[in-house]
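> Here you go, one structure.
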Amino acid sequence: MLCARCFHATNHEGHNVSFFIAQQSGGCCDCGDEEAWRRDIRCPHHPPAGPSDPQDTTPRHITHPLPNTVPPAPNYAFRVTPPPGVKEAIRKTVAFALDFILDTLDYSPDTLSLPGDEADLRLQPSADPMLKDQYCVVLWNDDKHSFDEVAQILAELLGKPLAETKGIARRLDENGREIIEMGSNAGRLVEIAQALHHIDLGVTIRRAYDTFCEQVVGVMVEWLLDLTRARMGTDTLVIRECIAQELLAPRRRDAFTKHLTPPCALILEGEVPNAARMDTLLLYHTRLWRRPRLSLKEIYASVISVSRAHKLVIGSYLFSPSCF
């Protein structure tokens, strides 16, 4: 498989070629992987690994755990030397973003469940240091209800114009979830959430502070995806290499102020050897909604295609037994 950029950069005269347009992430370019080709196609964007590459071994021959660090892609013709301190600054910024994402998801539920009453709602784990009585009802997308049906239900339940609830339903379909009501009247919000739950719509109700942090998580995931498409001069790999390094680095729990570690948080230290941010991020995949899930898949596909070494190491996390 070749991306369009690599296909046009190489000679395919006389080859039998088919094209397809991917609707979402799910594949990566095989340039640089000598096992995928009968002969070197000499792609200038994804050169093959050199003989000194420490990961130059077929996966079936690896008998020891792969390291958490991956060297830069070898023999890259468009490599640029960044100014002093730039790469370190990029890594620190990416690290902070990843730790914020994990710190926030520590408090997110694994399943769509509702509190039984106001008292149960106030006992939910929260990162809000002030525990303010401000809550959000969040509706989640499903495949059981039609667009028009959801819009009509929300109009009747919330007392809002149909045109407004159609906008809510559209954003719900695009993003995978949408905040439909917010306020301090916990009793009313619980009634709204339970009414939606009774007609088999996925709904959660949580403190506004935690919901806002989750919304910021969605923005940060989109920002990381944008970074994978950026370049430094002619170098299209250096930023993706920085992202890969921080995904494979251990999580720093002091990166964002948290007053407690909630019971729903996953603590991998002691259970997974050399636990990396990516271990926890993969296990928290079910706590996300559609758009950040798809964007994270694109991020993984982007960093896995940097080099053959990245393909082996990142792939070992994606297919790790701890993630199933």
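Within each chain, counting starts at residue 1; across the structure tokens, chains are named A, B, ... in the order shown, with ligands numbered 1 upward in that order.
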Show which residues sit within 7 Å of stretch 197-203 of chain A, as a list in words. Count only C-alpha atoms, and ignore same-chain residues fewer than 2 positions away.

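That gives Leu112, Val138, Leu139, Trp140, Asn141, Ala193, Gln194, Ala195 and Ile205 of chain A.
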
> Can you spit out the residues from that selection as a PDB file, in the first residue's frame, using C-alpha atoms?


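Output below, filename part.pdb:
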ATOM      1  CA  LEU A 112     -22.898   5.243  30.046  1.00  0.00           C
ATOM      2  CA  VAL A 138     -24.534  14.904  27.739  1.00  0.00           C
ATOM      3  CA  LEU A 139     -26.314  12.950  24.997  1.00  0.00           C
ATOM      4  CA  TRP A 140     -24.304  10.265  23.143  1.00  0.00           C
ATOM      5  CA  ASN A 141     -24.804   9.129  19.574  1.00  0.00           C
ATOM      6  CA  ALA A 193     -31.275  12.333  31.830  1.00  0.00           C
ATOM      7  CA  GLN A 194     -33.504   9.547  33.172  1.00  0.00           C
ATOM      8  CA  ALA A 195     -36.255  10.353  30.665  1.00  0.00           C
ATOM      9  CA  ILE A 205     -24.783  13.640  33.697  1.00  0.00           C
TER      10      ILE A 205
END

> Env of stretch 216-219 of chain A: 9 Å cut, atoms = only C-alpha atoms, seq-sep filter 4 positions within chain, self excluded. Answer as number ranges by chain.

A: 97, 100-102, 104-105, 211-212, 223-224, 288-289, 291-292

> How about saving the chosen residues, N, CA and C atoms kept, as a CSV table (one decimal), in the first residue's frame?


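To be explicit, this is the file written out as part-v5.csv:
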chain,number,residue,atom,x,y,z
A,97,ALA,N,0.2,18.1,27.0
A,97,ALA,CA,-1.2,17.8,26.4
A,97,ALA,C,-1.6,16.4,26.6
A,100,PHE,N,-2.5,16.0,30.3
A,100,PHE,CA,-3.8,16.6,30.6
A,100,PHE,C,-4.9,15.6,30.1
A,101,ILE,N,-4.8,15.1,28.9
A,101,ILE,CA,-5.8,14.1,28.4
A,101,ILE,C,-6.0,13.0,29.4
A,102,LEU,N,-4.9,12.4,29.8
A,102,LEU,CA,-5.0,11.2,30.7
A,102,LEU,C,-5.5,11.6,32.1
A,104,THR,N,-7.6,13.9,32.8
A,104,THR,CA,-9.0,14.2,32.6
A,104,THR,C,-9.8,12.9,32.5
A,105,LEU,N,-9.3,12.0,31.7
A,105,LEU,CA,-10.0,10.7,31.4
A,105,LEU,C,-9.9,9.8,32.7
A,211,THR,N,-17.0,18.0,32.6
A,211,THR,CA,-17.4,18.0,31.2
A,211,THR,C,-16.6,19.0,30.3
A,212,PHE,N,-16.4,20.1,30.9
A,212,PHE,CA,-15.5,21.1,30.2
A,212,PHE,C,-14.1,20.6,29.9
A,223,TRP,N,-5.8,19.0,17.9
A,223,TRP,CA,-4.5,19.8,17.8
A,223,TRP,C,-3.3,18.8,17.5
A,224,LEU,N,-3.3,17.7,18.3
A,224,LEU,CA,-2.2,16.7,18.0
A,224,LEU,C,-2.3,16.2,16.6
A,288,LEU,N,-13.8,7.8,25.4
A,288,LEU,CA,-13.9,8.9,24.5
A,288,LEU,C,-15.2,8.7,23.6
A,289,TRP,N,-15.5,9.8,22.8
A,289,TRP,CA,-16.6,9.7,21.9
A,289,TRP,C,-16.1,9.7,20.5
A,291,ARG,N,-15.6,11.5,17.6
A,291,ARG,CA,-14.6,12.3,16.9
A,291,ARG,C,-13.2,12.1,17.4
A,292,PRO,N,-12.9,12.2,18.7
A,292,PRO,CA,-11.6,12.0,19.2
A,292,PRO,C,-11.1,10.6,19.0

> What is the distance, in Å and to one decimal place, between atom CA of A:Thr204 and atom CA of A:Pro109?

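Distance between the two atoms: 9.1 Å.
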
> Determine which residues of stretch 113-320 of chain A DSSP labels as helix (DSSP H, G or I) from the backbone of this structure, then write them out as a PyMOL selection string.

chain A and resi 118-122+147-158+162-175+186-198+208-228+238-247+253-255+277-283+285-287+290-304+308-318

> Kindly provide the residues of stretch 203-254 of chain A that approach stretch 271-284 of chain A to within 8 Å, each paired with its closest atom pair and their distance in Å to one decimal, based on only C-alpha atoms, listed by chain and increasing number, as JSON lines.


{"residue": "A:Glu246", "atom": "CA", "partner": "A:Arg277", "partner_atom": "CA", "distance": 7.5}
{"residue": "A:Leu247", "atom": "CA", "partner": "A:Met278", "partner_atom": "CA", "distance": 5.1}
{"residue": "A:Leu248", "atom": "CA", "partner": "A:Ala276", "partner_atom": "CA", "distance": 5.1}
{"residue": "A:Ala249", "atom": "CA", "partner": "A:Ala276", "partner_atom": "CA", "distance": 5.1}
{"residue": "A:Pro250", "atom": "CA", "partner": "A:Ala276", "partner_atom": "CA", "distance": 4.3}
{"residue": "A:Arg251", "atom": "CA", "partner": "A:Arg277", "partner_atom": "CA", "distance": 5.1}

> Can you write just those residues out, C-alpha atoms, as a PDB file, in the first residue's frame?


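out_39.pdb, freshly written:
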ATOM      1  CA  GLU A 246       6.060  11.232  24.146  1.00  0.00           C
ATOM      2  CA  LEU A 247       3.430   8.558  23.456  1.00  0.00           C
ATOM      3  CA  LEU A 248       6.041   5.947  24.390  1.00  0.00           C
ATOM      4  CA  ALA A 249       7.326   7.857  27.437  1.00  0.00           C
ATOM      5  CA  PRO A 250       6.056   7.228  30.999  1.00  0.00           C
ATOM      6  CA  ARG A 251       3.183   9.341  32.182  1.00  0.00           C
TER       7      ARG A 251
END

> Quick check, in Å to one decimal: how far apart do atom CA of A:Lys166 and atom CA of A:Ala151 lie?

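Distance reported for this atom pair: 5.0 Å.
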
> Counting only C-alpha atoms, which residue out of A:Asp99, A:Glu298, A:Asp40, A:Asp133 sits closest to A:Asn185?

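Using only C-alpha atoms, the shortest distance to A:Asn185 belongs to A:Asp133.
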
> Taking into account only C-alpha atoms, which residue in the set A:Arg206, A:Arg240, A:Lys92, A:Lys160 is nearest to A:Ile179?

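Of A:Arg206, A:Arg240, A:Lys92, A:Lys160, the one nearest A:Ile179, counting only C-alpha atoms, is A:Arg206.
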
> Between atom CA of A:Ile192 and atom CA of A:Leu154, what distance in Å does the model show, to one decimal?

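These two atoms are separated by 9.7 Å.
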
> Could you tell me which of A:Leu227, A:Leu157, A:Val137, A:Ala163 comes closest to A:Ala186 if we count only C-alpha atoms?

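Checking each candidate against A:Ala186, we get A:Val137 as the closest.
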
> Just want the 10 Å neighbourhood of A:Gly187, counted on only C-alpha atoms, with same-chain residues fewer than 5 positions away dropped. Output as a PyMOL selection string.

chain A and resi 117-119+121+192

> Between A:Thr10, A:Ser302, A:Thr286, A:Ser184, single out the one closest to A:Arg229, counting only C-alpha atoms.

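So, comparing all the options, the nearest one is A:Ser302.
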
> For the structure I just gave you, how does DSSP split stretch 137-314 of chain A - specifically, which residues are strand (DSSP E or B)? Reply as a ChimeraX atom specification.

/A:137-140,177-183,202-207,232,235

> Would you mind telling me which residue in A:Thr111, A:Ser18, A:Ser295, A:Thr81 lies nearest to A:Leu2 when using only C-alpha atoms?

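Among A:Thr111, A:Ser18, A:Ser295, A:Thr81, it is A:Ser18 that comes nearest to A:Leu2.
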